[in-house]
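Q: What follows is input-v2.tsv; its format and atoms are TSV, C-alpha atoms and all ligand atoms.
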```tsv
chain	number	residue	atom	x	y	z
E	1	MET	CA	-33.96	-49.84	77.88
E	2	ALA	CA	-31.59	-47.29	79.42
E	3	LYS	CA	-29.53	-45.32	77.00
E	4	GLN	CA	-26.10	-46.87	76.70
E	5	GLU	CA	-23.37	-44.71	78.23
E	6	MET	CA	-20.81	-43.50	75.72
E	7	ARG	CA	-17.40	-44.68	76.71
E	8	GLU	CA	-14.60	-42.21	77.32
E	9	PRO	CA	-12.18	-41.92	74.39
E	10	ILE	CA	-8.95	-43.82	74.91
E	11	GLU	CA	-6.16	-41.33	74.71
E	12	THR	CA	-3.08	-42.91	73.26
E	13	GLY	CA	0.22	-41.12	72.69
E	14	CYS	CA	3.29	-40.75	74.74
E	15	PRO	CA	3.01	-42.45	78.16
E	16	ASP	CA	4.27	-40.77	81.32
E	17	PRO	CA	8.06	-41.21	81.06
E	18	PHE	CA	8.73	-40.98	84.81
E	19	GLN	CA	7.45	-44.49	85.43
E	20	TYR	CA	10.20	-45.90	83.18
E	21	MET	CA	13.08	-43.79	84.47
E	22	HIS	CA	15.98	-45.05	86.53
E	23	PRO	CA	15.17	-44.21	90.20
E	24	VAL	CA	18.28	-41.99	90.44
E	25	SER	CA	17.11	-40.08	87.35
E	26	ARG	CA	13.66	-39.68	88.82
E	27	LYS	CA	14.94	-38.53	92.20
E	28	ASN	CA	17.29	-35.93	90.71
E	29	PHE	CA	15.11	-34.72	87.86
E	30	GLY	CA	16.10	-31.11	87.09
E	31	LEU	CA	18.77	-31.20	89.80
E	32	TRP	CA	21.88	-32.25	87.94
E	33	LYS	CA	25.06	-30.33	88.70
E	34	TYR	CA	27.32	-31.38	85.82
E	35	HIS	CA	28.23	-34.28	83.59
E	36	GLU	CA	31.48	-35.52	82.15
E	37	HIS	CA	32.68	-37.92	79.50
E	38	PRO	CA	35.19	-40.36	80.99
E	39	ARG	CA	35.63	-42.40	77.80
E	40	PRO	CA	33.89	-42.84	74.41
E	41	GLY	CA	30.43	-44.28	74.94
E	42	VAL	CA	30.24	-43.44	78.66
E	43	LEU	CA	28.72	-40.43	80.45
E	44	ARG	CA	28.81	-39.69	84.17
E	45	HIS	CA	26.15	-37.37	85.56
E	46	VAL	CA	26.53	-35.92	89.06
E	47	ALA	CA	23.57	-34.41	90.92
E	48	TYR	CA	23.52	-31.68	93.60
E	49	SER	CA	22.48	-34.42	96.05
E	50	GLY	CA	25.83	-36.17	95.38
E	51	ASP	CA	24.15	-39.04	93.46
E	52	GLU	CA	25.88	-40.31	90.34
E	53	LEU	CA	24.42	-41.93	87.28
E	54	TRP	CA	26.53	-43.60	84.62
E	55	THR	CA	25.29	-44.09	81.08
E	56	VAL	CA	26.80	-46.60	78.67
E	57	ARG	CA	25.82	-46.14	75.03
E	58	ALA	CA	25.92	-48.81	72.30
E	59	GLY	CA	24.84	-48.66	68.66
E	60	THR	CA	21.91	-50.65	67.32
E	61	GLN	CA	20.49	-50.95	63.85
E	62	ARG	CA	17.15	-49.44	64.97
E	63	ILE	CA	14.98	-52.11	63.37
E	64	LEU	CA	15.68	-54.85	65.88
E	65	ASP	CA	14.59	-58.47	65.82
E	66	VAL	CA	13.13	-59.83	69.02
E	67	TYR	CA	16.17	-62.05	69.76
E	68	THR	CA	18.55	-59.08	69.67
E	69	LEU	CA	16.18	-57.07	71.87
E	70	ARG	CA	16.04	-59.94	74.37
E	71	THR	CA	19.85	-60.14	74.39
E	72	LEU	CA	20.06	-56.39	75.07
E	73	CYS	CA	17.44	-56.62	77.83
E	74	GLU	CA	19.20	-59.58	79.45
E	75	ILE	CA	22.46	-57.60	79.48
E	76	GLY	CA	20.54	-54.69	81.02
E	77	GLU	CA	19.08	-56.94	83.73
E	78	THR	CA	22.37	-58.68	84.57
E	79	PHE	CA	25.03	-56.01	84.14
E	80	ALA	CA	23.08	-52.75	84.52
E	81	ASP	CA	20.26	-51.70	86.86
E	82	GLY	CA	17.47	-52.97	84.59
E	83	TYR	CA	16.79	-49.61	82.92
E	84	VAL	CA	17.50	-48.78	79.28
E	85	HIS	CA	16.41	-46.18	76.81
E	86	PHE	CA	16.92	-45.52	73.13
E	87	THR	CA	18.20	-42.23	71.76
E	88	ILE	CA	16.64	-40.68	68.65
E	89	ARG	CA	19.60	-41.99	66.66
E	90	SER	CA	18.87	-45.61	67.67
E	91	ASN	CA	21.61	-45.93	70.26
E	92	ILE	CA	20.67	-47.97	73.30
E	93	GLU	CA	21.72	-46.53	76.67
E	94	PHE	CA	22.13	-48.56	79.86
E	95	LEU	CA	22.01	-46.75	83.20
E	96	VAL	CA	23.91	-47.72	86.34
E	97	ALA	CA	24.22	-45.93	89.66
E	98	ASP	CA	27.47	-47.66	90.60
E	99	GLY	CA	30.58	-46.73	88.58
E	100	ASN	CA	32.12	-50.15	89.30
E	101	ARG	CA	29.51	-51.77	87.08
E	102	VAL	CA	30.55	-49.83	83.97
E	103	ASP	CA	33.51	-51.98	82.85
E	104	PRO	CA	31.72	-55.36	83.24
E	105	LEU	CA	28.75	-53.89	81.35
E	106	ILE	CA	30.96	-52.74	78.46
E	107	LYS	CA	32.65	-56.15	78.40
E	108	ALA	CA	29.28	-57.91	78.24
E	109	LEU	CA	28.07	-55.64	75.43
E	110	GLU	CA	31.22	-56.04	73.37
E	111	GLY	CA	31.25	-59.77	74.04
E	112	ALA	CA	27.74	-59.96	72.55
E	113	GLY	CA	28.90	-58.05	69.43
E	114	PHE	CA	27.59	-54.55	70.23
E	115	ILE	CA	29.78	-51.50	69.76
E	116	VAL	CA	30.11	-49.02	72.61
E	117	GLY	CA	30.57	-45.40	71.55
E	118	GLY	CA	28.56	-42.70	69.78
E	119	THR	CA	29.09	-39.97	72.37
E	120	LYS	CA	30.68	-36.53	72.17
E	121	ASN	CA	32.73	-35.85	68.99
E	122	SER	CA	32.04	-39.15	67.28
E	123	VAL	CA	30.07	-40.17	64.23
E	124	THR	CA	27.08	-41.42	66.15
E	125	MET	CA	24.55	-43.91	64.72
E	126	ILE	CA	22.99	-42.82	61.45
E	127	SER	CA	19.33	-42.02	61.93
E	128	HIS	CA	17.14	-43.47	59.26
E	129	THR	CA	13.62	-43.88	58.02
E	130	GLN	CA	11.60	-47.08	57.84
E	131	GLY	CA	12.71	-48.59	54.54
E	132	TRP	CA	11.10	-51.58	52.92
E	133	LEU	CA	10.01	-53.09	56.22
E	134	HIS	CA	7.47	-50.47	57.32
E	135	CYS	CA	6.66	-48.00	54.57
E	136	ASP	CA	4.87	-48.42	51.26
E	137	ILE	CA	6.82	-45.99	49.07
E	138	PRO	CA	10.59	-46.45	49.58
E	139	GLY	CA	12.95	-46.25	46.63
E	140	THR	CA	15.79	-47.74	48.66
E	141	ASP	CA	16.27	-49.44	52.00
E	142	ALA	CA	17.50	-46.77	54.41
E	143	SER	CA	18.35	-49.38	57.06
E	144	GLY	CA	20.52	-51.29	54.57
E	145	VAL	CA	22.41	-48.14	53.63
E	146	VAL	CA	22.95	-47.43	57.33
E	147	LYS	CA	24.25	-50.92	58.07
E	148	SER	CA	26.72	-50.85	55.17
E	149	MET	CA	27.96	-47.37	56.04
E	150	MET	CA	28.31	-47.94	59.76
E	151	ASP	CA	30.30	-51.13	59.08
E	152	GLU	CA	32.89	-48.84	57.49
E	153	LEU	CA	32.59	-46.01	60.01
E	154	ILE	CA	32.85	-48.22	63.09
E	155	ASP	CA	36.14	-46.66	64.22
E	156	GLU	CA	34.62	-43.19	64.09
E	157	PHE	CA	31.71	-44.43	66.23
E	158	ARG	CA	33.92	-45.78	68.98
E	159	SER	CA	36.35	-42.88	69.08
E	160	THR	CA	35.84	-39.13	69.52
E	161	ASN	CA	38.27	-37.72	66.97
E	162	MET	CA	35.93	-35.50	64.96
E	163	PRO	CA	35.99	-31.69	65.39
E	164	ASN	CA	32.43	-31.88	66.73
E	165	ARG	CA	29.66	-34.47	66.73
E	166	VAL	CA	28.56	-35.70	63.31
E	167	HIS	CA	24.92	-36.53	62.67
E	168	ILE	CA	24.32	-38.54	59.51
E	169	THR	CA	20.85	-39.41	58.26
E	170	THR	CA	19.40	-41.47	55.45
E	171	SER	CA	15.95	-41.55	53.97
E	172	CYS	CA	14.35	-43.92	51.53
E	173	CYS	CA	12.13	-41.67	49.43
E	174	GLN	CA	12.39	-38.12	48.20
E	175	ILE	CA	9.52	-36.89	50.36
E	176	ASN	CA	11.92	-37.70	53.05
E	177	CYS	CA	10.44	-38.22	56.50
E	178	GLY	CA	13.86	-38.15	58.12
E	179	GLY	CA	16.83	-36.99	56.13
E	180	GLN	CA	18.29	-33.78	57.54
E	181	GLY	CA	21.73	-33.79	59.14
E	182	ASP	CA	25.40	-32.84	58.93
E	183	ILE	CA	25.50	-35.37	56.10
E	184	ALA	CA	22.33	-36.83	54.59
E	185	ILE	CA	21.98	-39.64	52.06
E	186	ASN	CA	18.62	-39.28	50.38
E	187	VAL	CA	16.83	-40.88	47.46
E	188	GLN	CA	16.74	-38.91	44.23
E	189	HIS	CA	14.31	-39.83	41.46
E	190	THR	CA	15.51	-38.77	38.03
E	191	LYS	CA	12.53	-39.66	35.80
E	192	PRO	CA	8.85	-38.64	36.02
E	193	PRO	CA	6.36	-41.31	37.14
E	194	LYS	CA	5.11	-43.95	34.68
E	195	ILE	CA	1.32	-44.15	34.81
E	196	ASN	CA	-0.61	-47.41	34.59
E	197	HIS	CA	-3.81	-45.92	33.14
E	198	ASP	CA	-5.82	-49.14	33.61
E	199	LEU	CA	-5.56	-48.85	37.39
E	200	VAL	CA	-5.86	-45.11	38.08
E	201	ALA	CA	-9.68	-44.93	38.10
E	202	ASN	CA	-9.99	-47.83	40.55
E	203	VAL	CA	-7.13	-46.97	42.89
E	204	CYS	CA	-6.62	-43.20	43.00
E	205	GLU	CA	-8.67	-40.29	44.18
E	206	ARG	CA	-7.73	-38.00	41.31
E	207	PRO	CA	-8.34	-34.57	42.92
E	208	THR	CA	-6.11	-35.60	45.85
E	209	VAL	CA	-3.32	-36.62	43.48
E	210	VAL	CA	-3.61	-33.42	41.44
E	211	ALA	CA	-3.47	-31.36	44.65
E	212	ARG	CA	-0.44	-33.27	45.84
E	213	CYS	CA	1.91	-32.09	43.08
E	214	PRO	CA	4.07	-29.16	44.25
E	215	VAL	CA	4.56	-27.79	40.73
E	216	ALA	CA	1.03	-28.38	39.34
E	217	ALA	CA	2.29	-30.87	36.76
E	218	ILE	CA	-0.62	-33.35	37.04
E	219	ARG	CA	-3.90	-32.96	35.15
E	220	PRO	CA	-6.98	-35.18	34.95
E	221	ALA	CA	-7.26	-36.87	31.54
E	222	MET	CA	-9.33	-39.51	29.73
E	223	VAL	CA	-7.09	-42.29	28.44
E	224	ASN	CA	-8.53	-45.17	26.36
E	225	GLY	CA	-12.01	-44.06	27.46
E	226	LYS	CA	-11.14	-44.30	31.17
E	227	PRO	CA	-10.65	-41.47	33.66
E	228	SER	CA	-6.95	-41.17	34.38
E	229	LEU	CA	-4.20	-38.59	34.90
E	230	GLU	CA	-1.40	-37.12	32.82
E	231	VAL	CA	1.89	-35.53	33.80
E	232	ASP	CA	3.47	-32.51	32.16
E	233	GLU	CA	7.00	-33.91	32.13
E	234	LYS	CA	8.58	-30.52	31.48
E	235	LYS	CA	7.23	-29.26	34.78
E	236	CYS	CA	7.69	-32.46	36.83
E	237	VAL	CA	10.55	-32.24	39.34
E	238	CYS	CA	10.49	-36.03	39.96
E	239	CYS	CA	9.72	-35.62	43.65
E	240	GLY	CA	7.57	-38.76	43.94
E	241	ALA	CA	4.85	-37.02	45.98
E	242	CYS	CA	2.15	-38.37	43.67
E	243	TYR	CA	3.15	-42.00	44.18
E	244	PRO	CA	1.88	-42.53	47.79
E	245	PRO	CA	-1.73	-41.46	47.08
E	246	CYS	CA	-1.65	-43.09	43.64
E	247	PRO	CA	0.55	-46.23	43.37
E	248	PRO	CA	-0.22	-46.62	39.63
E	249	MET	CA	2.04	-43.53	39.19
E	250	GLN	CA	5.11	-45.69	39.66
E	251	ILE	CA	8.31	-43.67	40.16
E	252	ASN	CA	10.68	-46.15	41.81
E	253	ASP	CA	13.00	-47.56	39.21
E	254	ALA	CA	16.01	-49.85	39.47
E	255	GLU	CA	18.02	-47.65	37.11
E	256	PHE	CA	16.68	-44.12	37.48
E	257	THR	CA	16.18	-43.97	41.24
E	258	LYS	CA	19.50	-42.73	42.56
E	259	LEU	CA	21.01	-41.50	45.79
E	260	ALA	CA	22.06	-37.93	46.52
E	261	ILE	CA	24.27	-36.61	49.31
E	262	TRP	CA	23.51	-33.37	51.11
E	263	VAL	CA	25.55	-31.64	53.80
E	264	GLY	CA	25.34	-28.91	56.41
E	265	GLY	CA	21.85	-29.43	57.87
E	266	ASN	CA	21.55	-28.43	61.49
E	267	HIS	CA	18.44	-28.24	63.67
E	268	SER	CA	20.06	-26.63	66.66
E	269	ASN	CA	20.90	-22.97	67.18
E	270	ALA	CA	23.73	-23.42	69.68
E	271	ARG	CA	26.31	-21.18	68.00
E	272	SER	CA	24.72	-20.41	64.63
E	273	LYS	CA	21.23	-20.36	63.16
E	274	PRO	CA	19.57	-23.65	62.15
E	275	SER	CA	20.42	-24.39	58.53
E	276	PHE	CA	19.08	-26.41	55.63
E	277	GLN	CA	21.35	-28.99	54.09
E	278	LYS	CA	22.66	-28.42	50.55
E	279	LEU	CA	23.20	-30.88	47.71
E	280	VAL	CA	26.81	-31.90	47.05
E	281	ALA	CA	26.61	-35.15	45.06
E	282	ALA	CA	23.79	-36.37	42.83
E	283	GLY	CA	23.09	-39.38	40.63
E	284	ILE	CA	24.95	-41.84	42.88
E	285	PRO	CA	23.97	-45.45	42.07
E	286	ASN	CA	21.37	-46.90	44.44
E	287	ASN	CA	23.39	-50.05	44.67
E	288	PRO	CA	22.33	-52.67	47.23
E	289	PRO	CA	23.39	-54.64	49.20
E	290	ARG	CA	26.42	-52.50	50.21
E	291	TRP	CA	26.02	-49.12	48.43
E	292	PRO	CA	29.82	-48.72	48.00
E	293	GLU	CA	29.67	-45.52	45.87
E	294	ALA	CA	27.65	-43.54	48.43
E	295	THR	CA	29.80	-44.83	51.31
E	296	ALA	CA	33.01	-43.77	49.53
E	297	ILE	CA	31.74	-40.17	49.17
E	298	VAL	CA	30.60	-39.98	52.80
E	299	LYS	CA	34.04	-41.20	53.91
E	300	ARG	CA	35.73	-38.53	51.77
E	301	ILE	CA	33.59	-35.78	53.31
E	302	LEU	CA	34.31	-37.04	56.82
E	303	LYS	CA	38.04	-37.23	56.15
E	304	ALA	CA	38.16	-33.66	54.82
E	305	TYR	CA	36.07	-32.41	57.75
E	306	LYS	CA	38.26	-34.22	60.30
E	307	GLU	CA	41.49	-32.90	58.79
E	308	ASN	CA	40.41	-29.32	58.06
E	309	ALA	CA	37.69	-28.12	60.43
E	310	ARG	CA	38.52	-26.19	63.58
E	311	ASP	CA	37.62	-27.60	66.97
E	312	TRP	CA	33.87	-27.51	67.63
E	313	GLU	CA	32.87	-26.53	64.10
E	314	ARG	CA	29.95	-28.57	62.80
E	315	VAL	CA	30.12	-29.64	59.13
E	316	GLY	CA	27.92	-26.75	57.95
E	317	GLU	CA	29.83	-24.16	59.97
E	318	TRP	CA	33.13	-25.41	58.55
E	319	ILE	CA	31.84	-25.12	54.97
E	320	GLU	CA	30.40	-21.67	55.59
E	321	ARG	CA	33.82	-20.55	56.83
E	322	ILE	CA	35.93	-21.99	54.00
E	323	GLY	CA	33.33	-21.41	51.27
E	324	TRP	CA	31.70	-23.94	48.94
E	325	PRO	CA	34.36	-23.82	46.16
E	326	ARG	CA	37.05	-24.87	48.65
E	327	PHE	CA	34.78	-27.59	50.05
E	328	PHE	CA	34.27	-29.12	46.58
E	329	GLU	CA	38.04	-29.05	46.07
E	330	LEU	CA	38.77	-30.72	49.40
E	331	VAL	CA	36.28	-33.55	48.92
E	332	ASP	CA	37.16	-33.97	45.25
E	333	LEU	CA	33.58	-33.75	44.01
E	334	PRO	CA	32.63	-32.07	40.73
E	335	PHE	CA	30.59	-28.88	40.94
E	336	THR	CA	27.94	-28.99	38.21
E	337	LYS	CA	25.06	-26.81	37.07
E	338	TYR	CA	22.72	-29.09	39.04
E	339	HIS	CA	24.16	-27.73	42.27
E	340	ILE	CA	22.89	-24.23	41.59
E	341	ASP	CA	19.65	-23.52	43.34
E	342	ASN	CA	17.66	-21.63	40.73
E	343	TRP	CA	14.41	-21.51	42.66
E	344	ARG	CA	13.42	-17.85	42.92
E	345	GLY	CA	13.08	-18.07	46.71
E	346	ALA	CA	16.76	-19.07	46.87
E	347	ARG	CA	17.93	-15.50	46.31
E	348	LYS	CA	18.23	-15.00	50.02
E	349	SER	CA	20.65	-17.92	50.40
E	350	LEU	CA	22.83	-17.15	47.38
E	351	ASN	CA	26.26	-15.86	48.23
E	352	ALA	CA	26.29	-12.40	46.70
E	353	SER	CA	29.10	-10.80	48.68
E	354	ALA	CA	32.77	-10.28	47.89
E	355	HIS	CA	33.70	-11.48	51.38
E	356	ILE	CA	37.05	-13.28	51.38
E	357	ARG	CA	37.13	-16.64	53.16
E	358	PHE	CA	39.99	-18.42	54.82
L	401	LIG	S1	11.61	-41.61	53.87
L	401	LIG	FE1	9.80	-41.91	52.56
L	401	LIG	S2	9.77	-44.11	52.05
L	401	LIG	FE2	11.14	-43.82	53.79
L	401	LIG	S3	9.85	-44.22	55.56
L	401	LIG	FE3	9.84	-41.98	55.20
L	401	LIG	S4	8.01	-41.63	53.90
L	401	LIG	FE4	8.48	-43.84	53.84
L	402	LIG	S1	6.75	-36.66	40.72
L	402	LIG	FE1	6.29	-34.79	41.91
L	402	LIG	S2	6.48	-33.13	40.43
L	402	LIG	FE2	6.30	-35.02	39.26
L	402	LIG	S3	4.13	-35.25	38.84
L	402	LIG	FE3	4.53	-36.38	40.72
L	402	LIG	S4	4.09	-34.93	42.36
L	402	LIG	FE4	4.33	-33.73	40.47
```
Can you give me the file's structure in the form of structure tokens?

A:
Amino acid sequence: MAKQEMREPIETGCPDPFQYMHPVSRKNFGLWKYHEHPRPGVLRHVAYSGDELWTVRAGTQRILDVYTLRTLCEIGETFADGYVHFTIRSNIEFLVADGNRVDPLIKALEGAGFIVGGTKNSVTMISHTQGWLHCDIPGTDASGVVKSMMDELIDEFRSTNMPNRVHITTSCCQINCGGQGDIAINVQHTKPPKINHDLVANVCERPTVVARCPVAAIRPAMVNGKPSLEVDEKKCVCCGACYPPCPPMQINDAEFTKLAIWVGGNHSNARSKPSFQKLVAAGIPNNPPRWPEATAIVKRILKAYKENARDWERVGEWIERIGWPRFFELVDLPFTKYHIDNWRGARKSLNASAHIRF
């Protein structure tokens, strides 16, 4: 019998995006002359060929049920040119080549309960991680936090009154697959993991778990005659990294898993270097279903930023200019010893100059 031919591997990954693009986008790829922002939620791109493409942006909650998706697609078929895409912050964008279609499209979207906005100097949709629906280790539901917060920030989404754009993120564990932004709401564990020694030997690959700990706080141990693990609680920084490879090291806790708020993260290097976010509020109750305590702090930070930052300053740039003591005063948050980064590598980022700030 002839040797069976090996099949070619099936390469998955990102498909060719050109096949999904609006024809005007495809035709003018790389040939755009300028774009403008006629109103919140709407962009108008003009190409060297004279073609125009209008984009209408609406917020979505990212994790969409099929009925909502169908509604959005039907609106796209009827009121736009049948092409949509999603931004990385879960906004849906509808594309139309005819400017006369923009107003009916906005009316249809708002009539169906969607909010148009999220462009330019707005608080655009909060980007968030998977939460309870898709991941196995969350300590809170990032999507729930987003929904509750955006309900209160709706006016900032549909207007452009901020000094610059504001990117907010949330993440649902401390390992944090997504929480870096102008303002980030991230989980904070405050107690070391509790180990169920009866399960460790059957469930966990112990060398992997030991290797996972960033501060070498986990050791193999025999407990009640069974191979297990132990944690040096003095060393443990409660990061939760041991929980994914070893679920018997339970760290999520209704009382001791909290939220923390960080500010000033920025990936881009448009006017200043990319920056890491810094902790400004810790130990905030992880309080579903509306998380009112975390929302109140985020609103305070946004209010202070809106009233005090100069035009085009991002949150981090504003704080760097006025200095952290002034920031804590303006947002009425206590500065505690927990805010001081005492990691030895932090020396570079500590403010050691006598520079006066205004
Ligand atoms: S932030 Fe953590 S829990 Fe949430 S989806 Fe990412 S890895 Fe999972
Ligand atoms: S929570 Fe983090 S620091 Fe603590 S034992 Fe687990 S991996 Fe180590």

Q: Could you tell me, counting only C-alpha atoms and all ligand atoms, which protein and nucleic acid residues lie no more than 7 Å from ligand LIG 401 (chain L), written as a list of chain:residue names?

A: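 Taking only C-alpha atoms and all ligand atoms into account, the residues around ligand LIG 401 (chain L) at most 7 Å away are E:Thr129, E:Gln130, E:Gly131, E:His134, E:Cys135, E:Asp136, E:Ile137, E:Pro138, E:Gly139, E:Ser171, E:Cys172, E:Cys173, E:Gln174, E:Ile175, E:Asn176, E:Cys177, E:Gly178.
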
Q: What is the distance between CA of Val263 (chain E) and CA of Arg89 (chain E), in Å to one decimal?

A: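 We find that CA of Val263 (chain E) and CA of Arg89 (chain E) lie 17.5 Å from each other.
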
Q: Please, what is the axis-aligned box for every listed atom of ligand LIG 402 (chain L) with 3 Å on each side, as centre and edge lengths in Å to one decimal, as JSON?

A:
```
{"center_x": 5.4, "center_y": -34.9, "center_z": 40.6, "size_x": 8.7, "size_y": 9.5, "size_z": 9.5}
```

Q: With all atoms listed in the file as the atoms that count, which of E:Thr336, E:Asn308, E:Gln61, E:Thr257 lies nearest to ligand LIG 402 (chain L)?

A: E:Thr257

Q: Can you list, as a PDB file with C-alpha atoms, in the frame of the given file, every protein, DNA or RNA residue that comes within 8 Å of Ala294 (chain E) when you count only C-alpha atoms, leaving out same-chain residues fewer than 6 positions away?

A:
```
ATOM      1  CA  ILE E 185      21.980 -39.640  52.060  1.00  0.00           C
ATOM      2  CA  LEU E 259      21.010 -41.500  45.790  1.00  0.00           C
ATOM      3  CA  ILE E 261      24.270 -36.610  49.310  1.00  0.00           C
ATOM      4  CA  ILE E 284      24.950 -41.840  42.880  1.00  0.00           C
ATOM      5  CA  PRO E 285      23.970 -45.450  42.070  1.00  0.00           C
TER       6      PRO E 285
END
```

Q: Counting all atoms listed in the file, which residue out of E:Asn100, E:Leu199, E:Met125, E:Thr140 sits closest to Ala254 (chain E)?

A: E:Thr140

Q: Hey, can you check how far CA of Ala304 (chain E) sits from CA of Lys147 (chain E)?

A: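 One can read the CA of Ala304 (chain E) to CA of Lys147 (chain E) distance as 22.4 Å.
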
Q: Calculated over only C-alpha atoms, which of the candidates E:Gly144, E:Pro23, E:Gly30, E:Pro17 has the smallest distance to Asn287 (chain E)?

A: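 Between E:Gly144, E:Pro23, E:Gly30, E:Pro17, the residue approaching Asn287 (chain E) most closely is E:Gly144.
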
Q: One decimal, Å: what's the distance from CA of Asp81 (chain E) over to CA of Arg26 (chain E), could you say?

A: 13.9 Å

Q: Which residue, E:Val280, E:Tyr20, E:Pro288, E:His85, has the smallest gap to Ile340 (chain E) when you use all atoms listed in the file?

A: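 Of the candidates, the smallest distance to Ile340 (chain E) is held by E:Val280.
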
Q: Give me, as a list in words, all polymer residues having an atom no more than 12 Å from Cys213 (chain E), counting only C-alpha atoms and skipping those fewer than 3 positions away in the same chain.

A: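 The filter keeps Ile175, Pro192, Pro193, Arg206, Pro207, Thr208, Val209, Val210, Ala216, Ala217, Ile218, Arg219, Glu230, Val231, Asp232, Lys235, Cys236, Val237, Cys238, Cys239, Gly240, Ala241, Cys242, Tyr243, Pro244, Pro245 and Cys246 of chain E.
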
Q: Would you mind telling me which residue in E:Arg62, E:Arg212, E:Arg165, E:Arg39 lies nearest to ligand LIG 402 (chain L) when using all atoms listed in the file?

A: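 Checking each candidate against ligand LIG 402 (chain L), we get E:Arg212 as the closest.
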
Q: May I ask which of the residues E:Arg344, E:Arg101, E:Lys226, E:Arg310 is the closest one to Ile75 (chain E), counting only C-alpha atoms?

A: E:Arg101

Q: Hey, what's within 12 Å of Ser25 (chain E) if we count all atoms listed in the file and toss same-chain stuff fewer than 5 positions away? As a list of chain:residue names, please?

A: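 My reading of the contact set: E:Pro17, E:Phe18, E:Gln19, E:Tyr20, E:Gly30, E:Leu31, E:Trp32, E:His45, E:Val46, E:Ala47, E:Ser49, E:Asp51, E:Glu52, E:Leu53, E:Trp54, E:Thr55, E:Tyr83, E:Val84, E:Leu95, E:Val96, E:Ala97.
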